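So the structure is just underneath, and the comments pick up after that.
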Amino acid sequence: MNAIMSRWLDDSRLMGIVFLAPATLYIVLLVGLPFITALLFSVSTATVGDASFNYVGLRNFAHVWQTPAFRDALVNTFSFTVVAQIITIVLANILAQLLTAPLPPRRSARIGMWIARMLLILPWATPLSLSVVGWLWMFDSKYSPIDYILREMALLGPDTVWGPANNLIWLGKPLLAKASIIFVHVWRMTPLATVILMAGLSSIPTDLLDQAEVDGSRYLRTLFQVKLPLVMPIMLISLLFGFIFTFGDLTVVYILTRGGPITHTLTLPMYSFLVGIDGGNLAQGAAVSLFIFPVLLLVAVVLLRTASRAEIR
Amino acid sequence: MATLTTTPTPAQGPRLIRVLRGTLYTTLVLFFCLLASSPFLVMGVVTFQTDQDLYKRGASPFDYEDMPTLEHLDNLFNDTRYLSFVRNSTLTGIAVVVVTLVLSLPAAWALARLTGRWGEHAGILMFIVYLVPPTLLFIPLFRIIVQLGLRDSLLSLILVYPSISVPFSTWLLMGFFKSIPPELEEAALVDGFNRYEAFWRVVLPLARPGVISVVVFTFTLTLHEFIYSLVFISSSEARTLSTGVPTELIRGDVFFWQPLLASALLVAIPVGLVYNLFLDRLVQGFTLGAVKG
Amino acid sequence: MSEVRLQGIVKRFGEVQAVAGVDLHIDSGEFLVVLGPSGCGKTTLMRTIAGLEKPEEGRIHIGARDVTLLPPRKRGIAMVFQSYALYPHMSVAGNIGFPLKAQGRCPNRSEREQRVHQAAQMVSIEHLLDRRPRQLSGGERQRVAIARAIVSEPEVLLLDEPLSNLDAKLRAYARDELKSFQRQLGITTVFVTHDQIEAMGLGDRIVVMRDGLVQQVGPPQAIYDRPQNTFVATFLGSPGMNLQHVSERVLRGFRPEHLLPVAELPPGAEHEPFVWRVTRVENLGSDRLLYGHVPDFRGDMQLTVARLPSNVTTEIPIDTDCDFGVARQHLHFFDNESGERVAEAAV
Ligand SMILES: Nc1ncnc2c1ncn2[C@@H]1O[C@H](COP(=O)(O)OP(=O)(O)O)[C@@H](O)[C@H]1O
Ligand SMILES: [Mg+2]
């Protein structure tokens, strides 16, 4: 008995199975199964009230595809994600450089850096929906503090460049609303992207940077020809995170505009929510959100392959 | 023998350039700080403003004409379920962290020790599972939750949230376990431990920086999560911060701005402090798990 | 090619004085080896010469220029790190060409390629130019690092333990190659190592360091023959010098190879008789090492080692008193307290 027991305890293959089983089971049940259910919904007529399964083929997809709102959502989702990612990665790179630069050996510098880090990390430390409510106030149509500052700078109000109105009404105009949403995405992704890039930068051997200095390389050359190529794989991973978060995000749009004005800021997740939950049409809601998956899959495969090719070890 | 001729080395570089460089650096850092924290600065001002002060068109939103008031904080704590939202978010966060660790630590170890093609692809597979976003799953999961009778219960969130955190955590921890040489485990086996004891006593302690990163990331994910919480829970008592506060303090078109903004600030400050304390270790955890792994 | 002068260099890291006041004059074209145990400040000293560390005190001159405040790129130096620090994302050619691009010394592309090729040829790696560093063996990487160091024709070449990552066989070969290569170029070279054999074999002169301080400077043989203090005496040679208390104040030292059976001592030379019991013999093929314990003037036992070349075939009985001796000229005397060398007359 004891011998059998101890054989089991030393069987590495059994251990692998035992260790892998719970997570696998969980993922199959809570990701795999719902995923298949989503697929089934999308080819049926399921609604919140009626769970019976009527196979209708690709009719839901065809229907959704023809809706102008869906087209808007598709274009917006892409453009928001791509633009936000480009800006985020540029800002995160600058910020990571700033935060990893050597500090003067003064107490005040250390305290200042601590405060700066605290302020920079806040977007990440607050539940997104609450901080987006904060932005909702910042973009308020009457009381926006941003508008106030613009007025004080004589950029807004009667007889000014952006006048004559006293308010920009950020979320009420198509282009401004789009820009606001992209801005909030950048704002909330930058801290995480910076942390990931800092990890990448701190893993560059100091010898290499010293070597570059001895070789006569100046700041910008070292940055672009040594540091950035070396953090490229991790930068792609950070991009991937950003892409997933932004592409699949509901919170920002839901709180700021709910897709408005009209459908100018509608995204796939928002549309899926409006159709599937608010409208009760589970089948079409599922069909909308299923459009997200192949795109994410493609992006992930491309980025991960590039990352593993850029891997230098 | 070395003779000590003391010639102090003067500071390097022309003074002007050093000052300019320092100024540029400070300006850039300040710019980023302002960008990141501007809504929170405004929250800090608005929280203590009276309605009169707040809704005065054209006046500076940063001035107090009336005395700052604690009325809205009082309001937030006593007239809303804010404290129960905080409790729900904390409880959910802790439970999800525990479930995530229990599921992903062993799984990551098993995947890290898989050799050959399977080992290489396992990580990618995990990442792809991570790609299936809540926006895709909330509709079918909603049905499952209703059928399980878990609607309006925190249990629904505790059951579902690990589906976001487990794939990511497993992927990150895999990197960690790969960097731990198998010889260490083998040495423990030679010392008479069985494989499970070796994992518990040797491997887990070495993965601590990774565990810290996973804890922080998982907690953040649950704190931010919005869709599942919005869809699964409609009773006010069981709501978490991310959905409870907006639903209680936004009634149709009426926004209770001061308590709304105060509620965000009250979470941001303590959580930000904790994250700041852990930031270096978080970077380190990411370096070891994602960069080197 | 330029001379290098260090005056009173001090480099601290917080409390630690990594370099504690070093004066050094390196002649133009010289191959100078900095030798010392791990942690004695060799790397720090070298990084200070390179400009990667700024000394708290002291001045550095290269040629006629005071370079103390200049950044590395303005010093006319090149450096090879212990890890070789090859850029992993660049080809071998890219690595070698990087200093030329970075210093903007060679804007013309074809000229740059030609110089890269020349440098590669010097260390016989021109067939590897398209490879990535990870596709190279240790010895090949070391050559790439050296090619990259010489491509910009520096006035001073700094090498930080460049051979320590090679296996023993390759190391002897690389040593020989490095030395003839340096002679050919005539470049002023500072070579850091903790390996005394490397130091003896390579250096025109050796600087022995300990705890951030220079202990002795001189040609290898001179340092070996006349160590300035007990540290140098025991650090050089393998095994190091035997030291014995002959009085409260004085230590007497002699090298293992100078302790010989009386019959083997050079005829005619005056010698100090030495009767001891050998407790163990190690046969190394080329030599025999004899170990034994000998009482000092107080009667405390001290380990003593003798090294007999293989042509000395005398039978050495174990645990029996044997008559050995050391030629007078091979005896060294040191002050017990300071460890400094003293003249025999002072005994
Ligand atoms: N960047 C540094 N920060 C703090 N201490 C250092 C640093 N570099 C070296 N030291 C210390 O200075 C001393 C000399 O180090 P080093 O010059 O590397 O010695 P060596 O190359 O002879 O082994 C050691 O005690 C080491 O710990
Ligand atoms: Mg060293």
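Naming works like this for the structure tokens: A, B, ... for the chains as they're shown, residue 1 at the start of each chain, ligands 1 onward in shown order.
The contact shell of ligand 2, defined as all polymer residues within 7 Å when only C-alpha atoms and all ligand atoms are used, comprises Ser38, Gly39, Lys42, Thr43 and Asp160 of chain C.
Near ligand 1, the residues found within 8 Å are Arg12, Phe13, Gly14, Val16, Gln17, Ala18, Val19, Gly36, Pro37, Ser38, Gly39, Cys40, Gly41, Lys42, Thr43, Thr44, Leu45, Met46, Val192, His194, Asp211 and Gly212 of chain C (criterion computed using only C-alpha atoms and all ligand atoms).
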Run DSSP on the backbone and tell me which residues of range 17-262 of chain C come out as helix (DSSP H, G or I); list them as a compact mmCIF listing (two decimals) with C-alpha atoms, in the first residue's frame.
```txt
# COMPACT_ATOMS: atom_id res chain seq x y z
CA LYS C 42 40.73 45.82 -10.99
CA THR C 43 37.55 46.21 -12.98
CA THR C 44 36.74 49.49 -11.28
CA LEU C 45 40.19 50.84 -12.07
CA MET C 46 39.78 49.85 -15.69
CA ARG C 47 36.30 51.36 -15.92
CA THR C 48 37.73 54.55 -14.47
CA ILE C 49 40.36 54.67 -17.21
CA ALA C 50 37.61 54.03 -19.76
CA PRO C 72 34.51 57.49 -22.94
CA ARG C 73 34.02 58.41 -26.59
CA LYS C 74 36.47 61.30 -26.33
CA VAL C 92 29.30 40.10 -36.47
CA ALA C 93 29.91 42.74 -39.14
CA GLY C 94 27.35 45.00 -37.49
CA ASN C 95 29.07 44.57 -34.15
CA ILE C 96 32.51 45.37 -35.51
CA GLY C 97 31.23 48.31 -37.51
CA PHE C 98 29.24 49.83 -34.66
CA PRO C 99 32.04 51.93 -33.15
CA LEU C 100 32.86 53.36 -36.58
CA LYS C 101 29.26 54.42 -37.09
CA ALA C 102 28.84 55.67 -33.55
CA ARG C 109 29.99 52.99 -46.31
CA SER C 110 32.41 51.08 -48.49
CA GLU C 111 35.37 52.39 -46.54
CA ARG C 112 33.66 51.27 -43.34
CA GLU C 113 33.08 47.82 -44.76
CA GLN C 114 36.68 47.64 -45.74
CA ARG C 115 37.86 48.53 -42.25
CA VAL C 116 35.49 46.00 -40.72
CA HIS C 117 36.92 43.42 -43.04
CA GLN C 118 40.48 44.34 -42.13
CA ALA C 119 39.77 44.11 -38.42
CA ALA C 120 38.05 40.76 -38.90
CA GLN C 121 41.00 39.52 -40.91
CA MET C 122 43.43 40.41 -38.13
CA GLU C 126 36.33 37.12 -41.88
CA HIS C 127 34.28 34.00 -42.65
CA LEU C 128 31.94 34.74 -39.73
CA PRO C 133 26.79 36.30 -31.83
CA ARG C 134 24.66 33.44 -30.50
CA GLN C 135 25.84 31.28 -33.41
CA GLY C 138 33.32 31.26 -26.98
CA GLY C 139 36.63 31.68 -28.74
CA GLU C 140 35.00 33.23 -31.79
CA ARG C 141 33.05 35.67 -29.64
CA GLN C 142 36.24 36.77 -27.98
CA ARG C 143 37.77 37.48 -31.37
CA VAL C 144 34.76 39.48 -32.46
CA ALA C 145 35.02 41.56 -29.30
CA ILE C 146 38.68 42.22 -30.02
CA ALA C 147 38.02 43.08 -33.64
CA ARG C 148 35.37 45.56 -32.54
CA ALA C 149 37.83 47.05 -30.06
CA ILE C 150 40.61 47.64 -32.59
CA ALA C 168 41.83 25.93 -20.49
CA LYS C 169 43.21 24.67 -23.78
CA LEU C 170 41.87 27.53 -25.84
CA ARG C 171 43.10 29.99 -23.25
CA ALA C 172 46.77 29.14 -23.74
CA TYR C 173 46.36 29.50 -27.48
CA ALA C 174 44.43 32.76 -27.22
CA ARG C 175 47.09 34.14 -24.87
CA ASP C 176 49.81 33.55 -27.37
CA GLU C 177 47.74 35.05 -30.16
CA LEU C 178 46.80 38.10 -28.16
CA LYS C 179 50.37 38.86 -27.27
CA SER C 180 51.77 38.61 -30.79
CA PHE C 181 48.83 40.60 -32.05
CA GLN C 182 49.49 43.37 -29.54
CA ARG C 183 53.18 43.45 -30.47
CA GLN C 184 52.26 43.76 -34.09
CA LEU C 185 49.92 46.69 -33.51
CA GLN C 196 48.91 34.91 -12.19
CA ILE C 197 49.99 32.56 -14.97
CA GLU C 198 48.28 34.78 -17.52
CA ALA C 199 49.89 37.80 -15.91
CA MET C 200 53.39 36.34 -15.90
CA GLY C 201 53.09 35.15 -19.48
CA LEU C 202 51.61 38.28 -21.03
CA PRO C 220 57.05 39.76 -14.16
CA GLN C 221 60.39 38.21 -13.30
CA ALA C 222 61.40 41.08 -11.03
CA ILE C 223 58.15 40.81 -9.11
CA TYR C 224 58.53 37.07 -8.84
CA ASP C 225 62.14 37.30 -7.73
CA THR C 230 54.17 39.02 1.88
CA PHE C 231 50.95 39.48 -0.12
CA VAL C 232 52.79 39.62 -3.43
CA ALA C 233 55.09 36.82 -2.31
CA THR C 234 52.23 34.43 -1.60
CA PHE C 235 49.91 35.56 -4.41
CA PRO C 256 58.92 25.91 -3.08
CA GLU C 257 61.25 25.25 -6.02
CA HIS C 258 64.22 26.56 -4.04
CA VAL C 262 71.10 19.07 -0.02
```
Item to check | Counting only C-alpha atoms, chain B residues within 6 Å of chain A, as an MDAnalysis selection string | outcome: chainID B and resid 33 36:37 39 103 106:107 110 133 135:136 140:141 194:195 223:224 242 264 268 271:272 276 283 286:287
Using the selection just defined, write its residues with N, CA and C atoms as a short mmCIF file (atom, residue, chain, number, x, y, z; two decimals), in the first residue's frame.
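Written output follows (part-v3.cif):
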```cif
data_model
loop_
_atom_site.label_atom_id
_atom_site.label_comp_id
_atom_site.auth_asym_id
_atom_site.auth_seq_id
_atom_site.Cartn_x
_atom_site.Cartn_y
_atom_site.Cartn_z
N CYS B 33 3.02 63.44 -15.25
CA CYS B 33 2.30 63.35 -13.97
C CYS B 33 0.97 64.08 -14.06
N ALA B 36 -1.49 62.11 -16.19
CA ALA B 36 -2.01 60.91 -15.55
C ALA B 36 -2.95 61.26 -14.41
N SER B 37 -2.63 62.31 -13.68
CA SER B 37 -3.37 62.53 -12.44
C SER B 37 -4.41 63.63 -12.54
N PRO B 39 -7.50 63.96 -13.71
CA PRO B 39 -8.86 63.74 -13.20
C PRO B 39 -8.89 63.58 -11.68
N LEU B 103 -5.20 27.43 -9.05
CA LEU B 103 -5.30 26.82 -10.37
C LEU B 103 -4.04 27.01 -11.20
N PRO B 106 0.08 25.22 -10.08
CA PRO B 106 0.42 23.87 -10.55
C PRO B 106 0.41 23.76 -12.07
N ALA B 107 -0.57 24.43 -12.70
CA ALA B 107 -0.66 24.32 -14.16
C ALA B 107 0.60 24.89 -14.81
N ALA B 110 3.47 22.46 -14.47
CA ALA B 110 3.35 21.32 -15.38
C ALA B 110 3.70 21.74 -16.81
N PRO B 133 -12.19 37.57 -25.02
CA PRO B 133 -12.49 38.62 -24.06
C PRO B 133 -13.88 38.47 -23.45
N THR B 135 -16.22 40.37 -23.47
CA THR B 135 -17.27 40.83 -24.39
C THR B 135 -17.79 39.71 -25.26
N LEU B 136 -16.99 38.66 -25.43
CA LEU B 136 -17.43 37.55 -26.26
C LEU B 136 -18.19 36.52 -25.43
N PRO B 140 -23.20 34.03 -23.31
CA PRO B 140 -23.44 32.65 -22.86
C PRO B 140 -23.24 32.47 -21.35
N LEU B 141 -22.24 33.15 -20.77
CA LEU B 141 -22.00 32.98 -19.34
C LEU B 141 -23.20 33.48 -18.54
N ASN B 194 9.27 13.69 -1.74
CA ASN B 194 8.62 13.26 -2.97
C ASN B 194 8.39 14.48 -3.85
N ARG B 195 7.88 14.26 -5.05
CA ARG B 195 7.81 15.35 -6.02
C ARG B 195 6.92 16.50 -5.55
N LEU B 223 -10.70 44.30 -9.86
CA LEU B 223 -11.11 45.65 -9.47
C LEU B 223 -11.66 46.43 -10.66
N HIS B 224 -11.06 46.22 -11.82
CA HIS B 224 -11.46 46.97 -13.00
C HIS B 224 -12.66 46.36 -13.71
N SER B 242 -16.98 48.80 -9.19
CA SER B 242 -16.95 49.28 -10.57
C SER B 242 -18.34 49.48 -11.15
N ALA B 264 -14.16 57.53 -6.40
CA ALA B 264 -13.01 57.11 -7.20
C ALA B 264 -11.71 57.46 -6.48
N ALA B 268 -8.52 55.20 -5.32
CA ALA B 268 -7.25 55.44 -6.01
C ALA B 268 -6.09 55.61 -5.03
N VAL B 271 -5.02 52.23 -3.00
CA VAL B 271 -4.53 51.21 -3.93
C VAL B 271 -3.25 51.70 -4.62
N GLY B 272 -3.25 52.99 -4.99
CA GLY B 272 -2.04 53.56 -5.60
C GLY B 272 -0.84 53.46 -4.68
N ASN B 276 2.48 51.43 -5.56
CA ASN B 276 3.77 52.13 -5.60
C ASN B 276 4.80 51.36 -4.78
N VAL B 283 7.93 45.13 -11.50
CA VAL B 283 8.81 45.21 -12.66
C VAL B 283 9.73 43.99 -12.67
N PHE B 286 7.87 40.90 -13.67
CA PHE B 286 7.61 40.89 -15.09
C PHE B 286 8.89 40.58 -15.86
N THR B 287 10.01 41.12 -15.38
CA THR B 287 11.28 40.86 -16.04
C THR B 287 11.56 39.36 -16.06
#
```
Per residue of chain A within 10 Å of chain C, note the shortest atom pair and the distance in Å to one decimal, counting only C-alpha atoms, and order the rows by chain and increasing residue number, as a Markdown table.
```
| residue | atom | partner | partner_atom | distance |
| --- | --- | --- | --- | --- |
| A:Pro205 | CA | C:Ala85 | CA | 8.3 |
| A:Thr206 | CA | C:Ala85 | CA | 9.0 |
| A:Asp207 | CA | C:Ala85 | CA | 5.8 |
| A:Leu208 | CA | C:Ala85 | CA | 5.1 |
| A:Leu209 | CA | C:Ala85 | CA | 8.7 |
| A:Asp210 | CA | C:Leu52 | CA | 7.0 |
| A:Gln211 | CA | C:Ala85 | CA | 6.6 |
| A:Ala212 | CA | C:Pro99 | CA | 8.0 |
| A:Glu213 | CA | C:Pro72 | CA | 6.5 |
| A:Val214 | CA | C:Pro72 | CA | 5.2 |
| A:Asp215 | CA | C:Pro99 | CA | 4.6 |
| A:Gly216 | CA | C:Arg73 | CA | 4.2 |
| A:Ser217 | CA | C:Ala102 | CA | 4.7 |
| A:Arg218 | CA | C:Ala102 | CA | 7.3 |
| A:Arg221 | CA | C:Ala102 | CA | 7.4 |
| A:Thr222 | CA | C:Ala102 | CA | 9.0 |
| A:Gln225 | CA | C:His89 | CA | 9.3 |
| A:Val226 | CA | C:Tyr87 | CA | 7.4 |
| A:Pro229 | CA | C:His89 | CA | 7.1 |
| A:Leu230 | CA | C:His89 | CA | 7.1 |
| A:Ala310 | CA | C:His89 | CA | 8.3 |
| A:Glu311 | CA | C:His89 | CA | 8.8 |
| A:Ile312 | CA | C:Pro88 | CA | 6.2 |
| A:Arg313 | CA | C:Arg134 | CA | 7.3 |
```
Would you put the residues from that selection into a file with N, CA and C atoms, as a PDB file, in the first residue's frame?
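Below is the file that was written, again-v2.pdb:
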```pdb
ATOM      1  N   PRO A 205      21.457  43.754 -20.256  1.00  0.00           N
ATOM      2  CA  PRO A 205      22.689  43.690 -19.459  1.00  0.00           C
ATOM      3  C   PRO A 205      23.400  45.055 -19.463  1.00  0.00           C
ATOM      4  N   THR A 206      23.834  45.511 -18.294  1.00  0.00           N
ATOM      5  CA  THR A 206      24.493  46.828 -18.232  1.00  0.00           C
ATOM      6  C   THR A 206      25.777  46.837 -19.059  1.00  0.00           C
ATOM      7  N   ASP A 207      26.416  45.679 -19.167  1.00  0.00           N
ATOM      8  CA  ASP A 207      27.621  45.586 -19.992  1.00  0.00           C
ATOM      9  C   ASP A 207      27.378  46.102 -21.410  1.00  0.00           C
ATOM     10  N   LEU A 208      26.209  45.751 -21.962  1.00  0.00           N
ATOM     11  CA  LEU A 208      25.925  46.155 -23.339  1.00  0.00           C
ATOM     12  C   LEU A 208      25.823  47.666 -23.450  1.00  0.00           C
ATOM     13  N   LEU A 209      25.193  48.284 -22.452  1.00  0.00           N
ATOM     14  CA  LEU A 209      25.045  49.733 -22.491  1.00  0.00           C
ATOM     15  C   LEU A 209      26.389  50.409 -22.267  1.00  0.00           C
ATOM     16  N   ASP A 210      27.200  49.843 -21.358  1.00  0.00           N
ATOM     17  CA  ASP A 210      28.547  50.380 -21.157  1.00  0.00           C
ATOM     18  C   ASP A 210      29.367  50.247 -22.434  1.00  0.00           C
ATOM     19  N   GLN A 211      29.207  49.093 -23.084  1.00  0.00           N
ATOM     20  CA  GLN A 211      29.936  48.866 -24.328  1.00  0.00           C
ATOM     21  C   GLN A 211      29.551  49.917 -25.368  1.00  0.00           C
ATOM     22  N   ALA A 212      28.261  50.190 -25.452  1.00  0.00           N
ATOM     23  CA  ALA A 212      27.812  51.196 -26.417  1.00  0.00           C
ATOM     24  C   ALA A 212      28.447  52.545 -26.106  1.00  0.00           C
ATOM     25  N   GLU A 213      28.556  52.854 -24.814  1.00  0.00           N
ATOM     26  CA  GLU A 213      29.151  54.125 -24.429  1.00  0.00           C
ATOM     27  C   GLU A 213      30.626  54.161 -24.823  1.00  0.00           C
ATOM     28  N   VAL A 214      31.335  53.071 -24.554  1.00  0.00           N
ATOM     29  CA  VAL A 214      32.745  52.997 -24.925  1.00  0.00           C
ATOM     30  C   VAL A 214      32.900  53.077 -26.444  1.00  0.00           C
ATOM     31  N   ASP A 215      31.967  52.459 -27.155  1.00  0.00           N
ATOM     32  CA  ASP A 215      32.037  52.483 -28.615  1.00  0.00           C
ATOM     33  C   ASP A 215      31.767  53.875 -29.173  1.00  0.00           C
ATOM     34  N   GLY A 216      31.364  54.792 -28.304  1.00  0.00           N
ATOM     35  CA  GLY A 216      31.179  56.164 -28.754  1.00  0.00           C
ATOM     36  C   GLY A 216      29.749  56.512 -29.091  1.00  0.00           C
ATOM     37  N   SER A 217      28.813  55.617 -28.737  1.00  0.00           N
ATOM     38  CA  SER A 217      27.423  55.851 -29.094  1.00  0.00           C
ATOM     39  C   SER A 217      26.805  56.888 -28.157  1.00  0.00           C
ATOM     40  N   ARG A 218      26.032  57.825 -28.747  1.00  0.00           N
ATOM     41  CA  ARG A 218      25.374  58.840 -27.934  1.00  0.00           C
ATOM     42  C   ARG A 218      23.974  58.377 -27.560  1.00  0.00           C
ATOM     43  N   ARG A 221      21.397  57.267 -30.382  1.00  0.00           N
ATOM     44  CA  ARG A 221      21.830  56.068 -31.097  1.00  0.00           C
ATOM     45  C   ARG A 221      21.690  54.840 -30.194  1.00  0.00           C
ATOM     46  N   THR A 222      22.124  54.975 -28.948  1.00  0.00           N
ATOM     47  CA  THR A 222      21.984  53.857 -28.012  1.00  0.00           C
ATOM     48  C   THR A 222      20.515  53.491 -27.851  1.00  0.00           C
ATOM     49  N   GLN A 225      19.334  52.082 -31.544  1.00  0.00           N
ATOM     50  CA  GLN A 225      20.042  50.951 -32.155  1.00  0.00           C
ATOM     51  C   GLN A 225      20.400  49.854 -31.171  1.00  0.00           C
ATOM     52  N   VAL A 226      20.361  50.151 -29.878  1.00  0.00           N
ATOM     53  CA  VAL A 226      20.678  49.105 -28.908  1.00  0.00           C
ATOM     54  C   VAL A 226      19.476  48.803 -28.008  1.00  0.00           C
ATOM     55  N   PRO A 229      15.840  47.808 -30.025  1.00  0.00           N
ATOM     56  CA  PRO A 229      15.825  46.459 -30.603  1.00  0.00           C
ATOM     57  C   PRO A 229      15.829  45.370 -29.535  1.00  0.00           C
ATOM     58  N   LEU A 230      16.509  45.634 -28.414  1.00  0.00           N
ATOM     59  CA  LEU A 230      16.575  44.603 -27.386  1.00  0.00           C
ATOM     60  C   LEU A 230      15.268  44.463 -26.609  1.00  0.00           C
ATOM     61  N   ALA A 310      12.000  37.881 -32.974  1.00  0.00           N
ATOM     62  CA  ALA A 310      12.869  38.950 -32.506  1.00  0.00           C
ATOM     63  C   ALA A 310      13.642  38.529 -31.257  1.00  0.00           C
ATOM     64  N   GLU A 311      13.204  37.432 -30.655  1.00  0.00           N
ATOM     65  CA  GLU A 311      13.896  36.919 -29.460  1.00  0.00           C
ATOM     66  C   GLU A 311      15.359  36.674 -29.796  1.00  0.00           C
ATOM     67  N   ILE A 312      16.247  37.081 -28.895  1.00  0.00           N
ATOM     68  CA  ILE A 312      17.636  36.959 -29.290  1.00  0.00           C
ATOM     69  C   ILE A 312      18.369  35.905 -28.507  1.00  0.00           C
ATOM     70  N   ARG A 313      17.707  35.337 -27.501  1.00  0.00           N
ATOM     71  CA  ARG A 313      18.436  34.334 -26.759  1.00  0.00           C
ATOM     72  C   ARG A 313      18.258  32.947 -27.338  1.00  0.00           C
TER      73      ARG A 313
END
```
Please produce, as JSON lines, a per-residue contact table for chain C versus chain B (criterion: any atom at most 10 Å away, only C-alpha atoms considered), showing the nearest atom pair and its distance in Å to one decimal, sorted by chain then residue number.
```
{"residue": "C:Gln7", "atom": "CA", "partner": "B:Thr5", "partner_atom": "CA", "distance": 7.2}
{"residue": "C:Gly8", "atom": "CA", "partner": "B:Thr5", "partner_atom": "CA", "distance": 5.1}
{"residue": "C:Ile9", "atom": "CA", "partner": "B:Leu4", "partner_atom": "CA", "distance": 8.5}
{"residue": "C:Val10", "atom": "CA", "partner": "B:Thr6", "partner_atom": "CA", "distance": 8.8}
{"residue": "C:Ala20", "atom": "CA", "partner": "B:Leu4", "partner_atom": "CA", "distance": 8.5}
{"residue": "C:Gly21", "atom": "CA", "partner": "B:Leu4", "partner_atom": "CA", "distance": 5.6}
{"residue": "C:Val22", "atom": "CA", "partner": "B:Ala2", "partner_atom": "CA", "distance": 5.5}
{"residue": "C:Asp23", "atom": "CA", "partner": "B:Ala2", "partner_atom": "CA", "distance": 5.8}
{"residue": "C:Leu24", "atom": "CA", "partner": "B:Ala2", "partner_atom": "CA", "distance": 8.5}
{"residue": "C:Lys54", "atom": "CA", "partner": "B:Thr9", "partner_atom": "CA", "distance": 8.3}
{"residue": "C:Pro55", "atom": "CA", "partner": "B:Thr9", "partner_atom": "CA", "distance": 6.8}
{"residue": "C:Glu56", "atom": "CA", "partner": "B:Thr9", "partner_atom": "CA", "distance": 5.6}
{"residue": "C:Glu57", "atom": "CA", "partner": "B:Pro8", "partner_atom": "CA", "distance": 4.3}
{"residue": "C:Gly58", "atom": "CA", "partner": "B:Thr7", "partner_atom": "CA", "distance": 4.9}
{"residue": "C:Arg59", "atom": "CA", "partner": "B:Thr7", "partner_atom": "CA", "distance": 7.2}
{"residue": "C:Thr68", "atom": "CA", "partner": "B:Thr9", "partner_atom": "CA", "distance": 7.8}
{"residue": "C:Leu69", "atom": "CA", "partner": "B:Gln12", "partner_atom": "CA", "distance": 5.7}
{"residue": "C:Leu70", "atom": "CA", "partner": "B:Gln12", "partner_atom": "CA", "distance": 8.1}
{"residue": "C:Pro71", "atom": "CA", "partner": "B:Gly13", "partner_atom": "CA", "distance": 9.3}
{"residue": "C:Gly212", "atom": "CA", "partner": "B:Ala2", "partner_atom": "CA", "distance": 9.9}
{"residue": "C:Leu213", "atom": "CA", "partner": "B:Ala2", "partner_atom": "CA", "distance": 6.6}
{"residue": "C:Val214", "atom": "CA", "partner": "B:Ala2", "partner_atom": "CA", "distance": 5.9}
{"residue": "C:Gln215", "atom": "CA", "partner": "B:Met1", "partner_atom": "CA", "distance": 5.9}
{"residue": "C:Gln216", "atom": "CA", "partner": "B:Met1", "partner_atom": "CA", "distance": 6.5}
{"residue": "C:Val217", "atom": "CA", "partner": "B:Met1", "partner_atom": "CA", "distance": 8.4}
{"residue": "C:Gln228", "atom": "CA", "partner": "B:Met1", "partner_atom": "CA", "distance": 9.4}
```
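You will find CA of Thr313 in chain C at 12.1 Å from CA of Gly285 in chain C.
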Checklist entry - Could you pull the residues within 12 Å of Asp74 in chain B, counting only C-alpha atoms, minus those fewer than 2 positions along the same chain, as a VMD selection string? => result chain B and resid 47 to 48 69 to 72 76 to 83 258 to 259 262 to 263
Next on the checklist: Show me, as a VMD selection string, the residues that have an atom within 8 Å of range 164-174 of chain B when counting only C-alpha atoms, minus same-chain residues fewer than 3 positions from it.
Outcome noted: (chain A and resid 23) or (chain B and resid 100 to 101 103 to 105 107 to 109 111 to 112 123 126 to 127 129 to 130 133 to 134 160 to 161 177 to 178 207 210 to 211 214 217 to 218 221 286 289 to 290 293)
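All residues of protein, DNA or RNA that reach within 12 Å of Val82 in chain A, judged by only C-alpha atoms and not counting those fewer than 3 positions away in the chain, are Val75, Asn76, Thr77, Phe78, Ser79, Gln85, Ile86, Ile87, Thr88, Ile89, Ile182, His185, Val186, Leu239, Leu240, Gly242, Phe243, Ile244, Phe245, Thr246, Phe247 and Val299 of chain A.
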